[in-house]
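Comments concern the structure below.
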Amino acid sequence: MARYRTAIIACGTIARVHARAWLAVRDQPVTLGALADTHADARREFGDFFGIPEDKRYADYREMLDAERPDLVDVCSWHQQHAEMVIAAAARRPKAILCQKPMAVDLGEADAMLTACERNGVKLIIAYQRPHHATWLAARDLIRQGAIGTVCQVQMDDGGNLLNTNSHNIRLALFLLDEPEVKWVLGAVERTTDRVERGLPAEDACLGLVGLATGATILIQGNLVRGLGQGCRVIGSDGVMELDTTRPEDSEIVSDAPMYMPEGPSARYNAEIGRVRYFSTTTGGWVQVEAPWHDAWAHQCQEAIDWVDGRVAEPISRAERGRAVQEIMMALFESARKKQRVYLPLKTRINPLRLMVEHGDLPVEWPGVYESRARIVRGEGMSWHATS
Ligand SMILES: NC(=O)c1ccc[n+]([C@@H]2O[C@H](COP(=O)([O-])OP(=O)(O)OC[C@H]3O[C@@H](n4cnc5c(N)ncnc54)[C@H](O)[C@@H]3O)[C@@H](O)[C@H]2O)c1
């Protein structure tokens, strides 16, 4: 019997992945109670597909929050709407809020979100879902047990920009190293074109080195080389571990049809498989880490409910950990702006990349703004504010 009602704000691609995840939580303690989206087609398609009654579909998310008073709020909008929506939801005091990554667009917003949730007694989770992969959970246990000795460096090499894709890998590194204290960040940024990602100025490539209190470092290679993608390489004193992801063929995955599907079936996210292999001085070669597969997103939703019910005290994806990722990303940009190493805690509250772009500190070589995610926007819109 369902006990909690979830309301979803912004019903695009990732909201479908979340909806499946809520419905896959063990013993089904959750119903999808209401939705909000400014786009009429998104409301109709999502509502019909997931069986949300027409009178529970809202264009205005604040109206929905006031009328429905959901137990759980799920924010699936673009980055620059996360803070506004989480703060508005927190004011209505649901039990918990799940918000998509990146937590916010700068550190000031991330802190405002934490404050809003704290003063209203609301639990906040930032949906960096990948540490919830069964094999990646096993990887952290192996590292804790010393399977590759003392970790010296975590290396990452995904494509895409820092906030969108590399943020996942920074979260992974912090998770694998048991949420270490970060001392400093040294970073460089390249922006030769006027790229924006989901309406926000984005870099073409970046490079960062993160110094941890343990003496280990995290190496961020953003859109520079192709290697493990969503994953990382962990270098230890006695061995090496590699994590990455793979997915079944689209033909093996349930389709979103008849919903709009600009990027293929969204269930490929739910079906994603985390892979881990390692070797050490004692293994005599690579060892593949096996663990029974589960949907990482459903695991994250399960933890949210367990947190609300008091069965979990320290959920993997609690918001402070999303904030730690945000601080590293903003420190990397701030280091590029100040051309020096930046020591944490970071004092800059706004997004230093945005500041550099606005001040002309990163003059583009090939002018002309373009939206790298334009294909996912509906209708005539080319950016987040023009989607309704
Ligand atoms: N964790 C992951 O692996 C992962 C993967 C993809 C996307 N994401 C994140 O999910 C977020 C959403 O991305 P997406 O690809 O699903 O976007 P999308 O464009 O598919 O969906 C966004 C939806 O927001 C709606 N919207 C816009 N303004 C609104 C408003 N004021 N009120 C209500 N709805 C509004 C739009 O109509 C659209 O339906 C991003 O922050 C992205 O980083 C995470």
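Residues are referred to by chain and number: the chain letter is A, B, ... according to the order shown in the structure tokens, the number counts from 1 in that chain, and ligands are numbered separately from 1 in the order shown.
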Closest atom pairs, residues of chain A within 6 Å of ligand 1, only C-alpha atoms and all ligand atoms, as a Markdown table:
```
| residue | atom | partner | partner_atom_place_in_ligand_line | distance |
| --- | --- | --- | --- | --- |
| A:Ile9 | CA | ligand 1 | 33 (C) | 5.5 |
| A:Ala10 | CA | ligand 1 | 34 (N) | 3.6 |
| A:Cys11 | CA | ligand 1 | 39 (O) | 4.5 |
| A:Gly12 | CA | ligand 1 | 21 (O) | 3.2 |
| A:Thr13 | CA | ligand 1 | 16 (O) | 3.9 |
| A:Ile14 | CA | ligand 1 | 16 (O) | 3.8 |
| A:Ala15 | CA | ligand 1 | 16 (O) | 6.0 |
| A:Ala36 | CA | ligand 1 | 33 (C) | 5.4 |
| A:Asp37 | CA | ligand 1 | 34 (N) | 3.5 |
| A:Thr38 | CA | ligand 1 | 34 (N) | 4.7 |
| A:His39 | CA | ligand 1 | 37 (O) | 4.4 |
| A:Ala42 | CA | ligand 1 | 39 (O) | 5.4 |
| A:Tyr61 | CA | ligand 1 | 32 (N) | 5.8 |
| A:Cys76 | CA | ligand 1 | 12 (C) | 5.0 |
| A:Ser77 | CA | ligand 1 | 12 (C) | 4.4 |
| A:Trp78 | CA | ligand 1 | 41 (O) | 3.8 |
| A:His79 | CA | ligand 1 | 41 (O) | 4.2 |
| A:Gln100 | CA | ligand 1 | 10 (O) | 5.2 |
| A:Lys101 | CA | ligand 1 | 43 (O) | 5.2 |
| A:Pro102 | CA | ligand 1 | 43 (O) | 5.9 |
| A:Ala127 | CA | ligand 1 | 1 (N) | 5.9 |
| A:Tyr128 | CA | ligand 1 | 1 (N) | 5.5 |
| A:Asn164 | CA | ligand 1 | 43 (O) | 5.4 |
| A:Ile376 | CA | ligand 1 | 19 (O) | 5.3 |
| A:Val377 | CA | ligand 1 | 19 (O) | 5.3 |
| A:Trp384 | CA | ligand 1 | 27 (C) | 5.9 |
| A:Thr387 | CA | ligand 1 | 37 (O) | 5.4 |
| A:Ser388 | CA | ligand 1 | 37 (O) | 6.0 |
```
Residues just named, written with C-alpha atoms as a PDB file, in the first residue's frame:
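Everything below was put into out-v6.pdb:
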```pdb
ATOM      1  CA  ILE A   9       8.374  19.205 -11.316  1.00  0.00           C
ATOM      2  CA  ALA A  10       9.512  19.430 -14.975  1.00  0.00           C
ATOM      3  CA  CYS A  11       8.486  16.370 -16.977  1.00  0.00           C
ATOM      4  CA  GLY A  12      11.220  16.016 -19.589  1.00  0.00           C
ATOM      5  CA  THR A  13      13.585  13.115 -20.224  1.00  0.00           C
ATOM      6  CA  ILE A  14      15.053  12.617 -16.784  1.00  0.00           C
ATOM      7  CA  ALA A  15      11.677  12.890 -15.047  1.00  0.00           C
ATOM      8  CA  ALA A  36       3.992  20.264 -13.114  1.00  0.00           C
ATOM      9  CA  ASP A  37       5.402  21.381 -16.450  1.00  0.00           C
ATOM     10  CA  THR A  38       4.999  24.604 -18.397  1.00  0.00           C
ATOM     11  CA  HIS A  39       4.747  22.694 -21.674  1.00  0.00           C
ATOM     12  CA  ALA A  42       4.923  17.361 -21.740  1.00  0.00           C
ATOM     13  CA  TYR A  61       4.594  24.250 -10.003  1.00  0.00           C
ATOM     14  CA  CYS A  76      13.810  17.437 -12.740  1.00  0.00           C
ATOM     15  CA  SER A  77      14.300  20.839 -14.379  1.00  0.00           C
ATOM     16  CA  TRP A  78      17.361  22.382 -15.996  1.00  0.00           C
ATOM     17  CA  HIS A  79      20.273  23.472 -13.800  1.00  0.00           C
ATOM     18  CA  GLN A 100      18.654  16.608 -10.280  1.00  0.00           C
ATOM     19  CA  LYS A 101      22.375  17.329 -10.644  1.00  0.00           C
ATOM     20  CA  PRO A 102      24.239  19.615 -10.808  1.00  0.00           C
ATOM     21  CA  ALA A 127      20.509  12.951  -7.791  1.00  0.00           C
ATOM     22  CA  TYR A 128      24.039  11.887  -8.621  1.00  0.00           C
ATOM     23  CA  ASN A 164      26.759  18.444 -16.920  1.00  0.00           C
ATOM     24  CA  ILE A 376      15.998  18.327 -26.461  1.00  0.00           C
ATOM     25  CA  VAL A 377      14.032  21.595 -26.361  1.00  0.00           C
ATOM     26  CA  TRP A 384      15.305  26.890 -21.081  1.00  0.00           C
ATOM     27  CA  THR A 387      10.212  26.134 -23.700  1.00  0.00           C
ATOM     28  CA  SER A 388       6.552  26.880 -22.906  1.00  0.00           C
TER      29      SER A 388
END
```
Exercise for the section: Could you give me, as a ChimeraX atom specification, the residues within 12 Å of Ala67 of chain A, counting only C-alpha atoms and dropping anything in the same chain fewer than 2 positions from it? Expected result: /A:7,33-36,55-58,60-65,69-70,92
Write the residues of the preceding selection, restricted to C-alpha atoms, as a tab-separated table (two decimals), in the first residue's frame.
```tsv
chain	number	residue	atom	x	y	z
A	7	ALA	CA	5.07	15.26	-7.15
A	33	GLY	CA	0.56	11.97	-7.22
A	34	ALA	CA	0.95	15.08	-9.36
A	35	LEU	CA	3.10	16.77	-11.98
A	36	ALA	CA	3.99	20.26	-13.11
A	55	ASP	CA	-6.73	17.28	-12.54
A	56	LYS	CA	-3.30	16.60	-11.00
A	57	ARG	CA	-1.36	18.11	-13.92
A	58	TYR	CA	-0.28	21.71	-13.39
A	60	ASP	CA	2.51	26.29	-12.43
A	61	TYR	CA	4.59	24.25	-10.00
A	62	ARG	CA	3.89	26.56	-7.05
A	63	GLU	CA	0.16	26.10	-7.63
A	64	MET	CA	0.74	22.34	-7.62
A	65	LEU	CA	2.75	22.46	-4.38
A	69	ARG	CA	1.03	19.25	-0.49
A	70	PRO	CA	3.08	16.21	-1.65
A	92	ARG	CA	5.86	23.96	1.61
```
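Nearest to Gln300 of chain A of all the residues A:Pro248, A:Gly264, A:Pro131, A:Pro363 is A:Pro131, based on only C-alpha atoms.
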Handout entry: Within 12 Å of Gln221 of chain A using only C-alpha atoms, minus same-chain residues under 4 positions, as a PyMOL selection string
Key = chain A and resi 154-162+165-167+169-170+187-190+204-210+225-229+232-233+332
Practice task
Based on DSSP run over this structure's backbone, return all residues of segment 80-286 of chain A in strand (DSSP E or B), as a ChimeraX atom specification.
Solution key: /A:96-100,123-127,151-156,182-190,193-197,200-201,205-212,217-222,232-236,239-246,273-280
Practice task
Report the residues of segment 107-227 of chain A whose backbone DSSP state falls under alpha helix (DSSP H), written as JSON, numbers by chain.
Solution key: {"A": [107, 108, 109, 110, 111, 112, 113, 114, 115, 116, 117, 118, 119, 134, 135, 136, 137, 138, 139, 140, 141, 142, 143, 144, 167, 168, 169, 170, 171, 172, 173, 174, 175, 176]}
Exercise for the section: Report the distance between atom CA of Asp244 of chain A and atom CA of Arg277 of chain A in Å, rounded to one decimal place. Expected result: 9.2 Å
Problem - Contacts of Leu212 of chain A within 10 Å, only C-alpha atoms, excl. fewer than 3 positions in-chain, as JSON, numbers by chain - result: {"A": [152, 153, 174, 177, 180, 181, 182, 183, 184, 185, 209, 215, 216, 217, 218]}
Exercise for the section: Quick one: everything within 7 Å of Leu107 of chain A, counting only C-alpha atoms, minus sequence neighbours fewer than 3 positions away in the same chain. Send it as a count of residues only. Expected result: 6
Exercise for the section: Show which residues sit within 10 Å of segment 269-273 of chain A, as JSON, numbers by chain. Count only C-alpha atoms, and ignore same-chain residues fewer than 5 positions away. Expected result: {"A": [13, 14, 16, 17, 18, 20, 21, 129, 130, 133, 134, 135, 136, 244, 245, 246, 247, 248, 249, 250, 252, 253, 254, 293, 294, 295, 296, 297, 298]}
Got time to write the residues from that selection, N, CA and C atoms, as a PDB file, in the first residue's frame?
```pdb
ATOM      1  N   THR A  13      12.977  14.445 -20.128  1.00  0.00           N
ATOM      2  CA  THR A  13      13.585  13.115 -20.224  1.00  0.00           C
ATOM      3  C   THR A  13      13.880  12.496 -18.869  1.00  0.00           C
ATOM      4  N   ILE A  14      14.569  13.257 -18.007  1.00  0.00           N
ATOM      5  CA  ILE A  14      15.053  12.617 -16.784  1.00  0.00           C
ATOM      6  C   ILE A  14      13.917  12.361 -15.803  1.00  0.00           C
ATOM      7  N   ARG A  16      11.204  11.004 -16.525  1.00  0.00           N
ATOM      8  CA  ARG A  16      10.694   9.648 -16.824  1.00  0.00           C
ATOM      9  C   ARG A  16      11.537   8.594 -16.102  1.00  0.00           C
ATOM     10  N   VAL A  17      12.830   8.860 -16.057  1.00  0.00           N
ATOM     11  CA  VAL A  17      13.748   7.933 -15.392  1.00  0.00           C
ATOM     12  C   VAL A  17      13.443   7.911 -13.891  1.00  0.00           C
ATOM     13  N   HIS A  18      13.194   9.089 -13.332  1.00  0.00           N
ATOM     14  CA  HIS A  18      12.838   9.189 -11.909  1.00  0.00           C
ATOM     15  C   HIS A  18      11.498   8.506 -11.640  1.00  0.00           C
ATOM     16  N   ARG A  20      10.079   6.033 -13.193  1.00  0.00           N
ATOM     17  CA  ARG A  20      10.268   4.568 -13.155  1.00  0.00           C
ATOM     18  C   ARG A  20      10.947   4.154 -11.850  1.00  0.00           C
ATOM     19  N   ALA A  21      11.889   4.981 -11.413  1.00  0.00           N
ATOM     20  CA  ALA A  21      12.639   4.636 -10.195  1.00  0.00           C
ATOM     21  C   ALA A  21      11.733   4.663  -8.967  1.00  0.00           C
ATOM     22  N   GLN A 129      23.224   9.725  -9.329  1.00  0.00           N
ATOM     23  CA  GLN A 129      22.729   8.364  -9.080  1.00  0.00           C
ATOM     24  C   GLN A 129      23.795   7.273  -9.186  1.00  0.00           C
ATOM     25  N   ARG A 130      24.910   7.567  -9.875  1.00  0.00           N
ATOM     26  CA  ARG A 130      25.790   6.446 -10.239  1.00  0.00           C
ATOM     27  C   ARG A 130      26.492   5.746  -9.078  1.00  0.00           C
ATOM     28  N   HIS A 133      25.090   2.352  -8.232  1.00  0.00           N
ATOM     29  CA  HIS A 133      25.280   1.098  -8.982  1.00  0.00           C
ATOM     30  C   HIS A 133      25.814   0.030  -8.031  1.00  0.00           C
ATOM     31  N   ALA A 134      25.302  -1.189  -8.176  1.00  0.00           N
ATOM     32  CA  ALA A 134      25.691  -2.271  -7.248  1.00  0.00           C
ATOM     33  C   ALA A 134      27.205  -2.503  -7.259  1.00  0.00           C
ATOM     34  N   THR A 135      27.812  -2.511  -8.450  1.00  0.00           N
ATOM     35  CA  THR A 135      29.250  -2.791  -8.530  1.00  0.00           C
ATOM     36  C   THR A 135      30.072  -1.620  -7.993  1.00  0.00           C
ATOM     37  N   TRP A 136      29.524  -0.402  -8.130  1.00  0.00           N
ATOM     38  CA  TRP A 136      30.276   0.760  -7.641  1.00  0.00           C
ATOM     39  C   TRP A 136      30.229   0.806  -6.116  1.00  0.00           C
ATOM     40  N   ASP A 244      33.562   2.023 -15.140  1.00  0.00           N
ATOM     41  CA  ASP A 244      32.868   2.682 -16.242  1.00  0.00           C
ATOM     42  C   ASP A 244      31.440   2.162 -16.317  1.00  0.00           C
ATOM     43  N   THR A 245      30.737   2.590 -17.357  1.00  0.00           N
ATOM     44  CA  THR A 245      29.338   2.162 -17.490  1.00  0.00           C
ATOM     45  C   THR A 245      29.092   1.634 -18.890  1.00  0.00           C
ATOM     46  N   THR A 246      28.092   0.783 -19.000  1.00  0.00           N
ATOM     47  CA  THR A 246      27.633   0.326 -20.307  1.00  0.00           C
ATOM     48  C   THR A 246      26.114   0.200 -20.225  1.00  0.00           C
ATOM     49  N   ARG A 247      25.492   0.048 -21.389  1.00  0.00           N
ATOM     50  CA  ARG A 247      24.030  -0.046 -21.424  1.00  0.00           C
ATOM     51  C   ARG A 247      23.612  -1.111 -22.413  1.00  0.00           C
ATOM     52  N   PRO A 248      22.456  -1.732 -22.211  1.00  0.00           N
ATOM     53  CA  PRO A 248      21.950  -2.667 -23.219  1.00  0.00           C
ATOM     54  C   PRO A 248      21.636  -1.915 -24.517  1.00  0.00           C
ATOM     55  N   GLU A 249      21.511  -2.638 -25.626  1.00  0.00           N
ATOM     56  CA  GLU A 249      21.103  -2.033 -26.901  1.00  0.00           C
ATOM     57  C   GLU A 249      19.718  -1.400 -26.735  1.00  0.00           C
ATOM     58  N   ASP A 250      19.482  -0.276 -27.456  1.00  0.00           N
ATOM     59  CA  ASP A 250      18.169   0.369 -27.373  1.00  0.00           C
ATOM     60  C   ASP A 250      17.034  -0.595 -27.716  1.00  0.00           C
ATOM     61  N   GLU A 252      16.688  -3.465 -26.839  1.00  0.00           N
ATOM     62  CA  GLU A 252      16.352  -4.313 -25.675  1.00  0.00           C
ATOM     63  C   GLU A 252      15.676  -3.505 -24.560  1.00  0.00           C
ATOM     64  N   ILE A 253      15.484  -2.204 -24.811  1.00  0.00           N
ATOM     65  CA  ILE A 253      14.970  -1.319 -23.749  1.00  0.00           C
ATOM     66  C   ILE A 253      13.561  -0.880 -24.100  1.00  0.00           C
ATOM     67  N   VAL A 254      12.718  -0.746 -23.080  1.00  0.00           N
ATOM     68  CA  VAL A 254      11.350  -0.294 -23.285  1.00  0.00           C
ATOM     69  C   VAL A 254      11.368   1.114 -23.895  1.00  0.00           C
ATOM     70  N   TRP A 293      22.759  -6.949 -10.305  1.00  0.00           N
ATOM     71  CA  TRP A 293      22.369  -5.637 -10.839  1.00  0.00           C
ATOM     72  C   TRP A 293      21.099  -5.120 -10.171  1.00  0.00           C
ATOM     73  N   HIS A 294      21.060  -3.818  -9.920  1.00  0.00           N
ATOM     74  CA  HIS A 294      19.792  -3.156  -9.608  1.00  0.00           C
ATOM     75  C   HIS A 294      19.777  -1.795 -10.291  1.00  0.00           C
ATOM     76  N   ASP A 295      18.584  -1.199 -10.427  1.00  0.00           N
ATOM     77  CA  ASP A 295      18.438   0.127 -11.006  1.00  0.00           C
ATOM     78  C   ASP A 295      18.985   1.140  -9.991  1.00  0.00           C
ATOM     79  N   ALA A 296      20.089   1.816 -10.362  1.00  0.00           N
ATOM     80  CA  ALA A 296      20.741   2.742  -9.426  1.00  0.00           C
ATOM     81  C   ALA A 296      19.781   3.855  -8.991  1.00  0.00           C
ATOM     82  N   TRP A 297      18.895   4.268  -9.891  1.00  0.00           N
ATOM     83  CA  TRP A 297      17.953   5.360  -9.586  1.00  0.00           C
ATOM     84  C   TRP A 297      16.943   4.905  -8.535  1.00  0.00           C
ATOM     85  N   ALA A 298      16.493   3.652  -8.672  1.00  0.00           N
ATOM     86  CA  ALA A 298      15.537   3.124  -7.693  1.00  0.00           C
ATOM     87  C   ALA A 298      16.216   2.973  -6.331  1.00  0.00           C
TER      88      ALA A 298
END
```
Exercise for the section: Mind checking which residues fall within 8 Å of Val240 of chain A, counting only C-alpha atoms, ignoring those fewer than 5 positions away in the same chain, and posting them as a list in words? Expected result: Ile148, Arg233, Val234, Ile235, Tyr278, Phe279 and Ser280 of chain A
Write the residues of the selection above to a file with C-alpha atoms, as a PDB file, in the first residue's frame.
```
ATOM      1  CA  ILE A 148      44.591  -1.514  -4.251  1.00  0.00           C
ATOM      2  CA  ARG A 233      40.607   5.197 -12.815  1.00  0.00           C
ATOM      3  CA  VAL A 234      41.805   4.859  -9.230  1.00  0.00           C
ATOM      4  CA  ILE A 235      45.578   4.605  -8.782  1.00  0.00           C
ATOM      5  CA  TYR A 278      40.971  -3.993 -10.660  1.00  0.00           C
ATOM      6  CA  PHE A 279      44.357  -5.564 -10.280  1.00  0.00           C
ATOM      7  CA  SER A 280      46.871  -5.482  -7.463  1.00  0.00           C
TER       8      SER A 280
END
```
Exercise for the section: Rounded to one decimal place, report the atom CA of Thr283 of chain A-atom CA of Ile143 of chain A distance in Å. Expected result: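 Separation between atom CA of Thr283 of chain A and atom CA of Ile143 of chain A: 14.3 Å.
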Exercise for the section: Point out the residue among A:Ala147, A:Val196, A:Ala24, A:Ile126 with the least atom-to-atom distance to Ala324 of chain A, counting only C-alpha atoms. Expected result: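 Closest to Ala324 of chain A, using only C-alpha atoms: A:Ile126.
Of the listed residues A:His359, A:Val342, A:Thr214, A:Gly149, the one whose atoms come nearest to Thr281 of chain A is A:Gly149, with distances taken using only C-alpha atoms.
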